[in-house]
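Quick notes on the structure that follows.
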Amino acid sequence: MKRSGPLLTLLAGLLVGLFMLSLNATTGEKSTSSYVKPSPSTKASPSTAPAQTSAPPSPSPSRTSVPEGVYTGRTDDDSSAVAITVRDDKAIAYVCDGHNIESWLQGDVKDDGSLRLTGKGGASLDGKVKGTKEIRGTAHVGSGSYAFTIGRAKKSSGLYRANSTVAGAKIEGGWIVLPDGEQVGILKRDGKPAPAPKIDPETGAVTVDGQQLTARPVTP
């Protein structure tokens, strides 16, 4: 009996073993580490501070509206009368005691509703609008100071003035017609003061030394 059979069988087994070892070596998994480079789009963007908005400008001081018209009344000590006419931010005032003290003053009405009026001989008037119906202040005429609170004039009350020549004399008259109908005024003949005669508030008619004149409402 030949001995080549077992030898061939052994050789075939070795070849099969070598083949299996080679197959495992080529198909085995390799442990690898991977690194994924972040794309530029995934990078965290630097934080930005929220845009600051500028504060709105401070509102300008509101103007105190002074209703146009005439304000009349008596001084606090009841010695004289005061009238102030307001129009287009301008004012004219007349202070009169009905005998021998009087002064015409004028000036501007400021945005805050205050008045600073001036007249001849250093006369002045400082006032302030209170609400919409009255003016409070103090007039300085000659050596006297006259505090007052006067209200808006009603129908037929107001401030009037006349300038003319009668019998060769220069006539200058001023009248304050108060809400109750009382009249306070001075009439000057060539600069000499005296109590003024009554006028008709509806027409302004007044008779001076037998001659009829017309006293007209005063506006700035």
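If you're wondering about the labels, chains in the structure tokens are A, B, ... by order shown, residues count from 1 in each chain, ligands from 1 in order shown.
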| said: With DSSP run on the backbone, what are the strand (DSSP E) residues within region 54-144 of chain A? I'd like them as a PyMOL selection string. | reply: chain A and resi 69-74+81-87+90-96+102-109+114-119+124-130+134-141+144
What are the closest atom pairs, with distances in Å to one decimal, for each residue of region 57-155 of chain A lying within 12 Å of region 187-191 of chain A, using only C-alpha atoms, rows by chain and rising residue number, as JSON lines?
{"residue": "A:Cys96", "atom": "CA", "partner": "A:Leu187", "partner_atom": "CA", "distance": 10.8}
{"residue": "A:Asp97", "atom": "CA", "partner": "A:Leu187", "partner_atom": "CA", "distance": 11.8}
{"residue": "A:Gly98", "atom": "CA", "partner": "A:Leu187", "partner_atom": "CA", "distance": 9.0}
{"residue": "A:His99", "atom": "CA", "partner": "A:Leu187", "partner_atom": "CA", "distance": 9.0}
{"residue": "A:Asn100", "atom": "CA", "partner": "A:Leu187", "partner_atom": "CA", "distance": 9.2}
{"residue": "A:Ile101", "atom": "CA", "partner": "A:Leu187", "partner_atom": "CA", "distance": 11.0}
{"residue": "A:Glu102", "atom": "CA", "partner": "A:Leu187", "partner_atom": "CA", "distance": 10.2}
Restricting the output to N, CA, C and O atoms, write the selected residues as a PDB file, in the first residue's frame.
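Final file, part24.pdb:
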ATOM      1  N   CYS A  96     -53.712 154.065  36.068  1.00  0.00           N
ATOM      2  CA  CYS A  96     -54.298 155.386  36.295  1.00  0.00           C
ATOM      3  C   CYS A  96     -55.045 155.410  37.627  1.00  0.00           C
ATOM      4  O   CYS A  96     -55.759 154.452  37.961  1.00  0.00           O
ATOM      5  N   ASP A  97     -54.884 156.515  38.370  1.00  0.00           N
ATOM      6  CA  ASP A  97     -55.634 156.639  39.625  1.00  0.00           C
ATOM      7  C   ASP A  97     -56.864 157.547  39.474  1.00  0.00           C
ATOM      8  O   ASP A  97     -57.604 157.769  40.443  1.00  0.00           O
ATOM      9  N   GLY A  98     -57.056 158.099  38.254  1.00  0.00           N
ATOM     10  CA  GLY A  98     -58.214 158.944  38.005  1.00  0.00           C
ATOM     11  C   GLY A  98     -58.055 160.380  38.449  1.00  0.00           C
ATOM     12  O   GLY A  98     -59.010 161.171  38.333  1.00  0.00           O
ATOM     13  N   HIS A  99     -56.879 160.740  38.923  1.00  0.00           N
ATOM     14  CA  HIS A  99     -56.656 162.114  39.414  1.00  0.00           C
ATOM     15  C   HIS A  99     -55.419 162.739  38.774  1.00  0.00           C
ATOM     16  O   HIS A  99     -55.536 163.638  37.943  1.00  0.00           O
ATOM     17  N   ASN A 100     -54.255 162.255  39.171  1.00  0.00           N
ATOM     18  CA  ASN A 100     -53.036 162.872  38.630  1.00  0.00           C
ATOM     19  C   ASN A 100     -51.892 161.878  38.394  1.00  0.00           C
ATOM     20  O   ASN A 100     -50.799 162.290  38.021  1.00  0.00           O
ATOM     21  N   ILE A 101     -52.111 160.601  38.643  1.00  0.00           N
ATOM     22  CA  ILE A 101     -51.069 159.593  38.430  1.00  0.00           C
ATOM     23  C   ILE A 101     -51.502 158.668  37.298  1.00  0.00           C
ATOM     24  O   ILE A 101     -52.583 158.076  37.336  1.00  0.00           O
ATOM     25  N   GLU A 102     -50.665 158.582  36.294  1.00  0.00           N
ATOM     26  CA  GLU A 102     -50.951 157.688  35.174  1.00  0.00           C
ATOM     27  C   GLU A 102     -49.652 157.308  34.476  1.00  0.00           C
ATOM     28  O   GLU A 102     -48.633 158.000  34.618  1.00  0.00           O
TER      29      GLU A 102
END
Determine, counting only C-alpha atoms, which protein, DNA and RNA residues have an atom within 7 Å of an atom of region 177-181 of chain A; residues of the same chain fewer than 4 positions away are not included. Present the result as a PDB file with C-alpha atoms, in the first residue's frame.
ATOM      1  CA  THR A  72     -58.957 145.277  33.267  1.00  0.00           C
ATOM      2  CA  GLY A  73     -59.325 145.652  37.011  1.00  0.00           C
ATOM      3  CA  ALA A 153     -62.660 142.444  29.909  1.00  0.00           C
ATOM      4  CA  LYS A 154     -66.284 141.782  29.127  1.00  0.00           C
ATOM      5  CA  SER A 157     -65.291 147.336  29.253  1.00  0.00           C
ATOM      6  CA  GLY A 158     -61.767 147.989  27.999  1.00  0.00           C
ATOM      7  CA  LEU A 159     -59.058 150.567  27.379  1.00  0.00           C
TER       8      LEU A 159
END
| query | Which is closest to Ile92 (chain A) among A:Val206, A:Ile199, A:Leu105, A:Ala169, if we use only C-alpha atoms? | reply |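 Counting only C-alpha atoms, the residue closest to Ile92 (chain A) is A:Leu105.
Shortest atom-to-atom contact with Ala167 (chain A) among A:Asp209, A:Asp108, A:Glu134, A:Ser145: A:Asp209, counting only C-alpha atoms.
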| query | Nearest to Ser103 (chain A): which of A:Gly174, A:Asp89, A:Pro217, A:Ala196 is it, counting only C-alpha atoms? | reply |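 That would be A:Gly174, the residue with the smallest distance to Ser103 (chain A).
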| field | Thr207 (chain A) environment, 9 Å, only C-alpha atoms, sequence neighbours closer than 5 positions dropped, as a list in words | value | Pro197, Lys198, Ile199, Gln212, Leu213 and Thr214 of chain A
Export, as a short mmCIF file (atom, residue, chain, number, x, y, z; two decimals), in the first residue's frame, the selected residues with C-alpha atoms.
data_model
loop_
_atom_site.label_atom_id
_atom_site.label_comp_id
_atom_site.auth_asym_id
_atom_site.auth_seq_id
_atom_site.Cartn_x
_atom_site.Cartn_y
_atom_site.Cartn_z
CA PRO A 197 -65.06 163.18 31.59
CA LYS A 198 -67.15 160.09 30.92
CA ILE A 199 -67.09 158.43 27.51
CA GLN A 212 -67.08 166.19 20.86
CA LEU A 213 -64.12 163.85 20.47
CA THR A 214 -63.86 160.11 19.92
#
| task | Write out as a count of residues only which residues come within 10 Å of Arg87 (chain A) when counting only C-alpha atoms, dropping same-chain ones fewer than 4 positions away. | result | 11
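Shortest atom-to-atom contact with Lys155 (chain A) among A:Glu182, A:Pro201, A:Gly137, A:Gly173: A:Pro201, counting only C-alpha atoms.
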Distance query Arg216 (chain A) at most 8 Å, only C-alpha atoms, self and fewer than 5 positions along chain excluded, as a PDB file with N, CA and C atoms, in the first residue's frame:
ATOM      1  N   TYR A 160     -59.307 152.804  26.438  1.00  0.00           N
ATOM      2  CA  TYR A 160     -59.553 153.777  25.376  1.00  0.00           C
ATOM      3  C   TYR A 160     -58.569 154.943  25.495  1.00  0.00           C
ATOM      4  N   ARG A 161     -58.373 155.615  24.347  1.00  0.00           N
ATOM      5  CA  ARG A 161     -57.444 156.759  24.333  1.00  0.00           C
ATOM      6  C   ARG A 161     -57.896 157.767  23.282  1.00  0.00           C
ATOM      7  N   ALA A 162     -57.646 159.048  23.571  1.00  0.00           N
ATOM      8  CA  ALA A 162     -57.988 160.120  22.623  1.00  0.00           C
ATOM      9  C   ALA A 162     -56.870 161.146  22.596  1.00  0.00           C
ATOM     10  N   GLY A 204     -67.352 155.463  22.043  1.00  0.00           N
ATOM     11  CA  GLY A 204     -66.139 156.188  22.374  1.00  0.00           C
ATOM     12  C   GLY A 204     -66.319 157.692  22.374  1.00  0.00           C
TER      13      GLY A 204
END
| Pick from A:Glu172, A:Asp78, A:Asp200, A:Asp111 nearest to Lys90 (chain A), counting only C-alpha atoms |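 Among A:Glu172, A:Asp78, A:Asp200, A:Asp111, it is A:Asp111 that comes nearest to Lys90 (chain A).
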